[in-house]
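target_13.tsv, holding TSV, C-alpha atoms:
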chain	number	residue	atom	x	y	z
A	75	MET	CA	-16.24	53.85	20.56
A	76	ALA	CA	-13.82	51.73	18.64
A	77	GLY	CA	-12.21	53.34	15.61
A	78	ASN	CA	-12.18	52.07	12.04
A	79	GLY	CA	-15.39	50.08	12.40
A	80	GLY	CA	-14.15	48.00	15.34
A	81	VAL	CA	-16.45	46.14	17.70
A	82	ILE	CA	-16.58	46.72	21.43
A	83	GLY	CA	-17.19	43.58	23.46
A	84	PRO	CA	-15.69	40.94	25.71
A	85	THR	CA	-12.37	39.37	24.82
A	86	GLN	CA	-12.83	36.16	22.81
A	87	THR	CA	-10.83	33.13	23.91
A	88	VAL	CA	-9.95	30.60	21.21
A	89	THR	CA	-9.65	27.03	22.49
A	90	PRO	CA	-6.93	25.08	20.64
A	91	SER	CA	-8.23	22.12	18.70
A	92	THR	CA	-7.40	18.68	20.04
A	93	PRO	CA	-5.23	16.59	17.70
A	94	ASP	CA	-6.85	13.49	16.27
A	95	ILE	CA	-6.12	10.23	18.05
A	96	VAL	CA	-5.79	7.42	15.51
A	97	THR	CA	-5.63	3.79	16.62
A	98	THR	CA	-4.76	1.00	14.18
A	99	VAL	CA	-5.89	-2.44	15.40
A	100	THR	CA	-4.10	-5.34	13.72
A	101	SER	CA	-5.12	-8.34	15.85
A	102	SER	CA	-8.27	-9.52	17.58
A	103	THR	CA	-8.80	-8.21	21.10
A	104	PRO	CA	-11.64	-7.84	23.65
A	105	SER	CA	-11.11	-4.08	23.88
A	106	ALA	CA	-8.62	-2.22	21.71
A	107	VAL	CA	-9.72	1.40	22.08
A	108	THR	CA	-10.52	3.61	25.07
A	109	THR	CA	-11.98	7.00	24.24
A	110	SER	CA	-10.57	10.21	25.66
A	111	PRO	CA	-12.69	12.05	28.28
A	112	VAL	CA	-13.81	14.65	25.71
A	113	THR	CA	-14.62	12.23	22.85
A	114	SER	CA	-18.28	12.04	21.82
A	115	LYS	CA	-18.00	10.70	18.25
A	116	ILE	CA	-15.58	8.50	16.33
A	117	ASP	CA	-14.82	7.63	12.71
A	118	PHE	CA	-13.59	4.16	11.79
A	119	ILE	CA	-13.10	1.61	9.03
A	120	VAL	CA	-13.49	-2.17	9.17
A	121	VAL	CA	-11.55	-4.21	6.57
A	122	ALA	CA	-11.96	-7.98	6.27
A	123	GLY	CA	-9.37	-10.53	5.20
A	124	GLY	CA	-8.49	-10.71	1.51
A	125	ALA	CA	-8.97	-13.89	-0.52
A	126	GLY	CA	-6.36	-16.23	-1.92
A	127	GLY	CA	-5.42	-16.34	-5.59
A	128	SER	CA	-5.94	-19.33	-7.86
A	129	GLY	CA	-3.52	-21.58	-9.71
A	130	LYS	CA	-3.26	-22.52	-13.41
A	131	ARG	CA	-3.22	-19.01	-14.93
A	132	GLY	CA	-5.55	-18.14	-12.10
A	133	GLY	CA	-7.48	-15.07	-11.10
A	134	GLY	CA	-6.37	-12.79	-8.30
A	135	GLY	CA	-8.15	-12.98	-4.96
A	136	GLY	CA	-10.73	-10.33	-4.12
A	137	ALA	CA	-9.98	-7.71	-1.49
A	138	GLY	CA	-11.58	-8.05	1.90
A	139	GLY	CA	-14.81	-6.14	2.40
A	140	TYR	CA	-14.31	-2.45	3.19
A	141	ARG	CA	-16.76	-0.38	5.25
A	142	SER	CA	-16.36	3.19	6.54
A	143	PHE	CA	-18.34	4.85	9.34
A	144	THR	CA	-18.33	8.50	10.44
A	145	CYS	CA	-19.62	10.41	13.48
A	146	VAL	CA	-20.65	7.34	15.46
A	147	SER	CA	-21.70	8.41	18.97
A	148	VAL	CA	-19.70	7.09	21.92
A	149	SER	CA	-19.16	7.95	25.58
A	150	GLY	CA	-16.05	9.78	26.70
A	151	GLY	CA	-13.54	7.88	28.79
A	152	ALA	CA	-15.06	4.50	27.88
A	153	ALA	CA	-13.59	1.24	26.62
A	154	LEU	CA	-15.10	0.28	23.27
A	155	GLY	CA	-15.99	-3.31	22.41
A	156	ALA	CA	-14.30	-6.29	20.87
A	157	VAL	CA	-12.38	-6.22	17.60
A	158	THR	CA	-12.13	-9.31	15.40
A	159	ILE	CA	-9.53	-9.20	12.64
A	160	GLY	CA	-10.25	-11.58	9.78
A	161	GLY	CA	-7.45	-13.69	8.37
A	162	GLY	CA	-6.59	-13.86	4.69
A	163	GLY	CA	-7.67	-16.85	2.61
A	164	SER	CA	-4.97	-19.22	1.39
A	165	GLY	CA	-3.95	-19.41	-2.25
A	166	VAL	CA	-4.29	-22.67	-4.17
A	167	GLY	CA	-2.57	-24.51	-7.01
A	168	GLY	CA	-3.92	-26.45	-9.95
A	169	ASN	CA	-7.46	-26.04	-11.22
A	170	ASN	CA	-8.94	-24.78	-7.99
A	171	VAL	CA	-10.63	-21.63	-6.70
A	172	GLY	CA	-8.76	-19.62	-4.05
A	173	ASN	CA	-10.04	-19.64	-0.48
A	174	SER	CA	-12.15	-16.75	0.74
A	175	GLY	CA	-10.98	-14.38	3.45
A	176	SER	CA	-12.55	-14.20	6.91
A	177	ASN	CA	-14.82	-11.49	8.31
A	178	SER	CA	-13.65	-8.59	10.49
A	179	SER	CA	-15.86	-6.80	13.02
A	180	PHE	CA	-15.88	-4.02	15.62
A	181	VAL	CA	-18.36	-3.61	18.50
A	182	VAL	CA	-19.33	-0.03	19.36
A	183	SER	CA	-22.10	0.79	21.87
A	184	CYS	CA	-23.58	-2.72	21.59
A	185	THR	CA	-23.69	-2.57	17.78
A	186	THR	CA	-21.49	-4.92	15.74
A	187	TYR	CA	-20.08	-3.53	12.50
A	188	THR	CA	-18.98	-6.36	10.17
A	189	SER	CA	-17.09	-6.53	6.88
A	190	HIS	CA	-17.09	-9.76	4.88
A	191	GLY	CA	-14.06	-11.65	3.59
A	192	GLY	CA	-13.02	-11.37	-0.04
A	193	GLY	CA	-13.98	-14.01	-2.63
A	194	GLY	CA	-11.35	-16.48	-3.89
A	195	GLY	CA	-9.71	-16.17	-7.30
A	196	GLY	CA	-11.20	-18.27	-10.11
A	197	SER	CA	-9.10	-20.69	-12.14
A	198	GLN	CA	-8.82	-21.30	-15.86
A	199	GLU	CA	-9.94	-24.91	-15.63
A	200	PRO	CA	-12.74	-25.10	-14.74
A	201	GLY	CA	-13.48	-21.53	-15.79
A	202	GLY	CA	-14.79	-19.04	-13.31
A	203	ARG	CA	-14.59	-15.45	-12.29
A	204	ALA	CA	-11.75	-13.89	-10.40
A	205	GLY	CA	-12.27	-13.01	-6.76
A	206	ASN	CA	-14.74	-10.42	-5.59
A	207	THR	CA	-16.23	-9.32	-2.31
A	208	PRO	CA	-19.44	-11.19	-1.44
A	209	PRO	CA	-22.80	-9.80	-2.63
A	210	VAL	CA	-23.91	-8.00	0.52
A	211	ASP	CA	-25.96	-4.87	1.09
A	212	PRO	CA	-24.50	-2.30	1.27
A	213	PRO	CA	-21.74	-3.35	-1.19
A	214	GLN	CA	-18.28	-3.72	0.31
A	215	GLY	CA	-16.18	-3.91	-2.85
A	216	ASN	CA	-16.22	-4.62	-6.58
A	217	PRO	CA	-16.38	-7.71	-8.80
A	218	GLY	CA	-13.23	-9.33	-10.07
A	219	GLY	CA	-12.27	-9.48	-13.72
A	220	GLY	CA	-13.35	-12.44	-15.84
A	221	VAL	CA	-10.99	-15.35	-16.35
A	222	SER	CA	-9.62	-15.52	-19.89
A	223	GLY	CA	-11.25	-17.92	-22.31
A	224	GLY	CA	-7.88	-18.66	-23.87
A	225	ASP	CA	-4.72	-20.20	-22.53
A	226	HIS	CA	-3.10	-17.09	-21.13
A	227	GLY	CA	-4.19	-15.49	-17.90
A	228	GLY	CA	-6.75	-14.90	-15.19
A	229	GLY	CA	-8.67	-11.78	-14.25
A	230	GLY	CA	-7.73	-9.40	-11.46
A	231	GLY	CA	-9.47	-9.50	-8.08
A	232	GLY	CA	-11.95	-6.78	-7.16
A	233	GLY	CA	-10.84	-3.91	-4.90
A	234	ALA	CA	-12.73	-1.52	-2.65
A	235	THR	CA	-13.03	1.28	-5.23
A	236	GLN	CA	-12.47	-0.46	-8.56
A	237	ALA	CA	-13.37	-3.72	-10.24
A	238	GLY	CA	-10.58	-6.06	-11.29
A	239	PHE	CA	-9.62	-6.02	-14.95
A	240	ASN	CA	-10.45	-8.70	-17.49
A	241	TYR	CA	-7.58	-10.46	-19.21
A	242	THR	CA	-7.38	-9.29	-22.84
A	243	SER	CA	-3.96	-9.04	-24.47
A	244	ALA	CA	-2.22	-7.94	-21.29
A	245	PRO	CA	-2.10	-9.24	-17.72
A	246	ALA	CA	-5.20	-8.33	-15.70
A	247	ALA	CA	-4.48	-6.03	-12.78
A	248	GLY	CA	-6.30	-6.11	-9.46
A	249	GLY	CA	-8.81	-3.40	-8.61
A	250	ALA	CA	-7.66	-0.41	-6.58
A	251	GLY	CA	-8.31	-0.08	-2.88
A	252	VAL	CA	-8.72	3.01	-0.69
A	253	ASP	CA	-6.08	5.56	0.33
A	254	ILE	CA	-6.71	6.26	4.04
A	255	SER	CA	-3.62	8.38	4.72
A	256	SER	CA	-5.50	11.69	4.79
A	257	THR	CA	-8.61	10.55	6.67
A	258	PHE	CA	-6.65	8.59	9.28
A	259	PRO	CA	-3.40	10.56	9.61
A	260	GLY	CA	-0.61	8.79	11.42
A	261	SER	CA	-1.82	5.27	10.71
A	262	PRO	CA	1.10	3.06	9.59
A	263	ILE	CA	-1.14	1.59	6.88
A	264	PRO	CA	-1.66	4.16	4.09
A	265	ALA	CA	-4.05	2.17	1.86
A	266	VAL	CA	-6.29	-0.88	2.14
A	267	ALA	CA	-8.44	-3.38	0.22
A	268	GLY	CA	-6.67	-3.80	-3.14
A	269	GLY	CA	-7.46	-6.81	-5.35
A	270	GLY	CA	-4.87	-9.39	-6.37
A	271	GLY	CA	-3.38	-9.40	-9.88
A	272	GLY	CA	-4.08	-12.18	-12.36
A	273	GLY	CA	-1.58	-14.90	-13.22
A	274	ASN	CA	-0.26	-15.04	-16.76
A	275	LYS	CA	1.25	-17.69	-19.00
A	276	GLY	CA	3.24	-15.02	-20.84
A	277	CYS	CA	6.23	-12.95	-19.86
A	278	SER	CA	4.88	-11.28	-16.72
A	279	GLY	CA	2.09	-11.42	-14.18
A	280	ALA	CA	-0.28	-8.57	-13.42
A	281	PRO	CA	0.18	-6.04	-10.61
A	282	GLY	CA	-2.03	-6.08	-7.56
A	283	GLY	CA	-4.32	-3.16	-6.82
A	284	THR	CA	-3.08	-0.33	-4.60
A	285	GLY	CA	-3.96	-1.14	-1.04
A	286	GLY	CA	-2.06	-4.38	-0.53
A	287	GLY	CA	-3.07	-6.53	-3.50
A	288	GLY	CA	-0.53	-9.25	-4.31
A	289	ALA	CA	0.96	-9.44	-7.81
A	290	GLY	CA	0.17	-12.26	-10.21
A	291	SER	CA	3.03	-14.45	-11.39
A	292	ARG	CA	4.30	-15.62	-14.77
A	293	SER	CA	4.70	-19.26	-15.75
A	294	TYR	CA	8.44	-19.52	-16.34
A	295	PRO	CA	10.26	-19.44	-14.06
A	296	GLY	CA	7.23	-20.15	-11.87
A	297	THR	CA	7.28	-18.43	-8.49
A	298	GLY	CA	3.60	-18.54	-7.53
A	299	GLY	CA	1.34	-15.55	-6.93
A	300	GLY	CA	2.34	-12.81	-4.51
A	301	ASN	CA	0.72	-12.58	-1.10
A	302	GLY	CA	-1.62	-9.75	-0.16
A	303	SER	CA	-0.03	-7.40	2.37
A	304	THR	CA	-0.65	-8.07	6.04
A	305	ASN	CA	-3.39	-5.95	7.69
A	306	THR	CA	-4.63	-4.42	4.46
A	307	GLY	CA	-7.23	-6.96	3.35
A	308	GLY	CA	-5.40	-7.21	0.01
A	309	GLY	CA	-6.17	-10.16	-2.27
A	310	GLY	CA	-3.51	-12.72	-3.21
A	311	GLY	CA	-2.11	-12.78	-6.74
A	312	GLY	CA	-2.98	-15.50	-9.25
A	313	ASP	CA	-0.45	-18.14	-10.25
A	314	GLY	CA	0.90	-18.20	-13.79
A	315	ASP	CA	1.05	-22.02	-13.91
A	316	ALA	CA	4.12	-22.70	-11.82
A	317	ASN	CA	4.80	-26.38	-11.16
A	318	PRO	CA	4.66	-26.69	-8.24
A	319	GLY	CA	3.09	-23.36	-7.41
A	320	SER	CA	-0.07	-21.70	-6.24
A	321	GLY	CA	-1.86	-18.40	-5.96
A	322	GLY	CA	-0.80	-16.03	-3.22
A	323	ASN	CA	-2.45	-15.80	0.19
A	324	GLY	CA	-4.78	-12.94	1.02
A	325	GLY	CA	-3.75	-10.32	3.56
A	326	SER	CA	-5.35	-10.12	7.00
A	327	GLY	CA	-7.80	-7.35	7.80
A	328	VAL	CA	-7.58	-4.24	9.97
A	329	VAL	CA	-9.69	-1.79	11.99
A	330	VAL	CA	-8.66	1.88	12.17
A	331	VAL	CA	-10.34	4.32	14.59
A	332	LYS	CA	-10.11	8.10	14.80
A	333	GLN	CA	-11.40	10.13	17.75
Rewritten as structure tokens:
Amino acid sequence: MAGNGGVIGPTQTVTPSTPDIVTTVTSSTPSAVTTSPVTSKIDFIVVAGGAGGSGKRGGGGGAGGYRSFTCVSVSGGAALGAVTIGGGGSGVGGNNVGNSGSNSSFVVSCTTYTSHGGGGGGSQEPGGRAGNTPPVDPPQGNPGGGVSGGDHGGGGGGGATQAGFNYTSAPAAGGAGVDISSTFPGSPIPAVAGGGGGGNKGCSGAPGGTGGGGAGSRSYPGTGGGNGSTNTGGGGGGDGDANPGSGGNGGSGVVVVKQ
């Protein structure tokens, strides 16, 4: 009999846990990921291309659509399907709306998982709303901030977790994206899907949202809106009325897989 309340029985063997395998896919490919022999489920995100910012005190571009999937069943030792990485929309000058981003997708077990490109930043003239992700179900982002009714600045683009800000008496920041550093450890991209900042006629443009959103620019000296970061789906920043100048380009999308 074991002393001190011990238990008699067979020796228990503890199997060490297998470290996560994280794959970050930054360009389109027919087959980017092969599962390990023991993999039965994967987690992944699909981020579309961010939109371009607008000119003429323009709104920031909306972040690319963001979707997250967990515990998706797969076969061990198998090549998964095609990945399409959406490009960012181009920024524009003058009284124009920024170009939308392109869709990203990932094929797993004959099912295609798609995120939609961000919506382009709205301009002051004609008035409009700053960029947002398209109205899809389930939602893939947040609306952008409203373009100012005055002669100052545009709203911030919508991000994955936060709407863009309206221009009031201060530049309108882009909405925040998603920090993926803890859920996808080891990925070189720590955060994704931030909205672009609004352009401003005053002394400074607005910051982009965390997750690759480009900053808005001021009017003088005019530099044009900042670009969204590559492979984050970040929206481009709005232009503060540079001449010549334009809103920033949106950042391309990304797919990140953990097994």
Segment 258-314 of chain A residues near segment 160-167 of chain A within 8 Å, closest pair each, using all atoms listed in the file, as a tab-separated table:
residue	atom	partner	partner_atom	distance
A:Gly307	CA	A:Gly162	CA	7.1
A:Gly309	CA	A:Gly162	CA	7.9
A:Gly310	CA	A:Gly165	CA	6.8
A:Asp313	CA	A:Gly167	CA	7.5
Saved selection, atoms kept: C-alpha atoms, as a CSV table (one decimal), in the frame of the given file:
chain,number,residue,atom,x,y,z
A,307,GLY,CA,-7.2,-7.0,3.4
A,309,GLY,CA,-6.2,-10.2,-2.3
A,310,GLY,CA,-3.5,-12.7,-3.2
A,313,ASP,CA,-0.4,-18.1,-10.2
Discussion item. I'd like the neighbourhood of segment 116-123 of chain A as a PyMOL selection string, where a residue qualifies if any of its atoms comes within 7 Å (using all atoms listed in the file), though same-chain residues fewer than 4 positions away should be ignored.
Written reply: chain A and resi 138-147+159-162+175-179+188-192+307+324-333
Output C-alpha atoms of each residue in that selection to a file, as a PDB file, in the coordinates of the input.
ATOM      1  CA  GLY A 138     -11.580  -8.050   1.900  1.00  0.00           C
ATOM      2  CA  GLY A 139     -14.810  -6.140   2.400  1.00  0.00           C
ATOM      3  CA  TYR A 140     -14.310  -2.450   3.190  1.00  0.00           C
ATOM      4  CA  ARG A 141     -16.760  -0.380   5.250  1.00  0.00           C
ATOM      5  CA  SER A 142     -16.360   3.190   6.540  1.00  0.00           C
ATOM      6  CA  PHE A 143     -18.340   4.850   9.340  1.00  0.00           C
ATOM      7  CA  THR A 144     -18.330   8.500  10.440  1.00  0.00           C
ATOM      8  CA  CYS A 145     -19.620  10.410  13.480  1.00  0.00           C
ATOM      9  CA  VAL A 146     -20.650   7.340  15.460  1.00  0.00           C
ATOM     10  CA  SER A 147     -21.700   8.410  18.970  1.00  0.00           C
ATOM     11  CA  ILE A 159      -9.530  -9.200  12.640  1.00  0.00           C
ATOM     12  CA  GLY A 160     -10.250 -11.580   9.780  1.00  0.00           C
ATOM     13  CA  GLY A 161      -7.450 -13.690   8.370  1.00  0.00           C
ATOM     14  CA  GLY A 162      -6.590 -13.860   4.690  1.00  0.00           C
ATOM     15  CA  GLY A 175     -10.980 -14.380   3.450  1.00  0.00           C
ATOM     16  CA  SER A 176     -12.550 -14.200   6.910  1.00  0.00           C
ATOM     17  CA  ASN A 177     -14.820 -11.490   8.310  1.00  0.00           C
ATOM     18  CA  SER A 178     -13.650  -8.590  10.490  1.00  0.00           C
ATOM     19  CA  SER A 179     -15.860  -6.800  13.020  1.00  0.00           C
ATOM     20  CA  THR A 188     -18.980  -6.360  10.170  1.00  0.00           C
ATOM     21  CA  SER A 189     -17.090  -6.530   6.880  1.00  0.00           C
ATOM     22  CA  HIS A 190     -17.090  -9.760   4.880  1.00  0.00           C
ATOM     23  CA  GLY A 191     -14.060 -11.650   3.590  1.00  0.00           C
ATOM     24  CA  GLY A 192     -13.020 -11.370  -0.040  1.00  0.00           C
ATOM     25  CA  GLY A 307      -7.230  -6.960   3.350  1.00  0.00           C
ATOM     26  CA  GLY A 324      -4.780 -12.940   1.020  1.00  0.00           C
ATOM     27  CA  GLY A 325      -3.750 -10.320   3.560  1.00  0.00           C
ATOM     28  CA  SER A 326      -5.350 -10.120   7.000  1.00  0.00           C
ATOM     29  CA  GLY A 327      -7.800  -7.350   7.800  1.00  0.00           C
ATOM     30  CA  VAL A 328      -7.580  -4.240   9.970  1.00  0.00           C
ATOM     31  CA  VAL A 329      -9.690  -1.790  11.990  1.00  0.00           C
ATOM     32  CA  VAL A 330      -8.660   1.880  12.170  1.00  0.00           C
ATOM     33  CA  VAL A 331     -10.340   4.320  14.590  1.00  0.00           C
ATOM     34  CA  LYS A 332     -10.110   8.100  14.800  1.00  0.00           C
ATOM     35  CA  GLN A 333     -11.400  10.130  17.750  1.00  0.00           C
TER      36      GLN A 333
END
Fill in: Close residues, Gly273 of chain A itself excluded, 7 Å, only C-alpha atoms, min 3 positions apart in chain, as a ChimeraX atom specification
/A:131-133,227-228,279-280,290-292,299,311-314
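Closest to Gly172 of chain A among A:Pro213, A:Gly151, A:Gly127, A:Pro104 is A:Gly127, based on all atoms listed in the file.
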Practice prompt. Find the residues with any atom within 6 Å of (-8.5, -10.5, -16.5); use all atoms listed in the file and the coordinates as given in the file, and write the answer as a PyMOL selection string.
Written response: chain A and resi 219-221+228-230+239-241+246
Practice prompt. Go through A:Gly287, A:Gly271, A:Pro93, A:Pro259 and flag the residue nearest Asn305 of chain A, using only C-alpha atoms for the distances.
Written response: A:Gly287
Worksheet entry | Nearest residue to Ser105 of chain A from the set A:Gly155, A:Gly251, A:Gly308, A:Gly298 (distances using only C-alpha atoms) | A:Gly155
Fill in: Contacts of Ala237 of chain A within 12 Å, only C-alpha atoms, excl. fewer than 2 positions in-chain, as a PyMOL selection string
chain A and resi 134-137+203-207+214-220+229-235+239-240+246-251+267-271+282-283
Discussion item. For a quick check of your reading of the model, name the residues lying within 12 Å of the coordinate (-9.5, 13.1, 25.2), counting all atoms listed in the file, and write them as an NGL selection string.
Written reply: :A and (91-96 or 108-116 or 149-152 or 332-333)
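One finds atom CA of Gly302 of chain A at 8.4 Å from atom CA of Ala125 of chain A.
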Worksheet item: Which residues come within 8 Å of Ser261 of chain A, counting all atoms listed in the file, excluding same-chain residues fewer than 3 positions away, as an NGL selection string?
Response: :A and (96-98 or 255 or 258 or 264 or 330)
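Between atom CA of Gly319 of chain A and atom CA of Gly300 of chain A lies a distance of 11.0 Å.
Computed from the coordinates, the atom CA of Thr242 of chain A to atom CA of Gly272 of chain A distance equals 11.4 Å.
Among the candidates A:Gly285, A:Gly194, A:Gly276, A:Gly321, the one nearest to Gln236 of chain A when counting all atoms listed in the file is A:Gly285.
Among the candidates A:Thr158, A:Asn173, A:Ser128, A:Thr284, the residue lying nearest to Thr306 of chain A is A:Thr284 (atoms considered: only C-alpha atoms).
Remark: for Thr185 of chain A, the closest of the candidate residues A:Leu154, A:Gly126, A:Ser197, A:Ala289 is A:Leu154 (distances computed over all atoms listed in the file).
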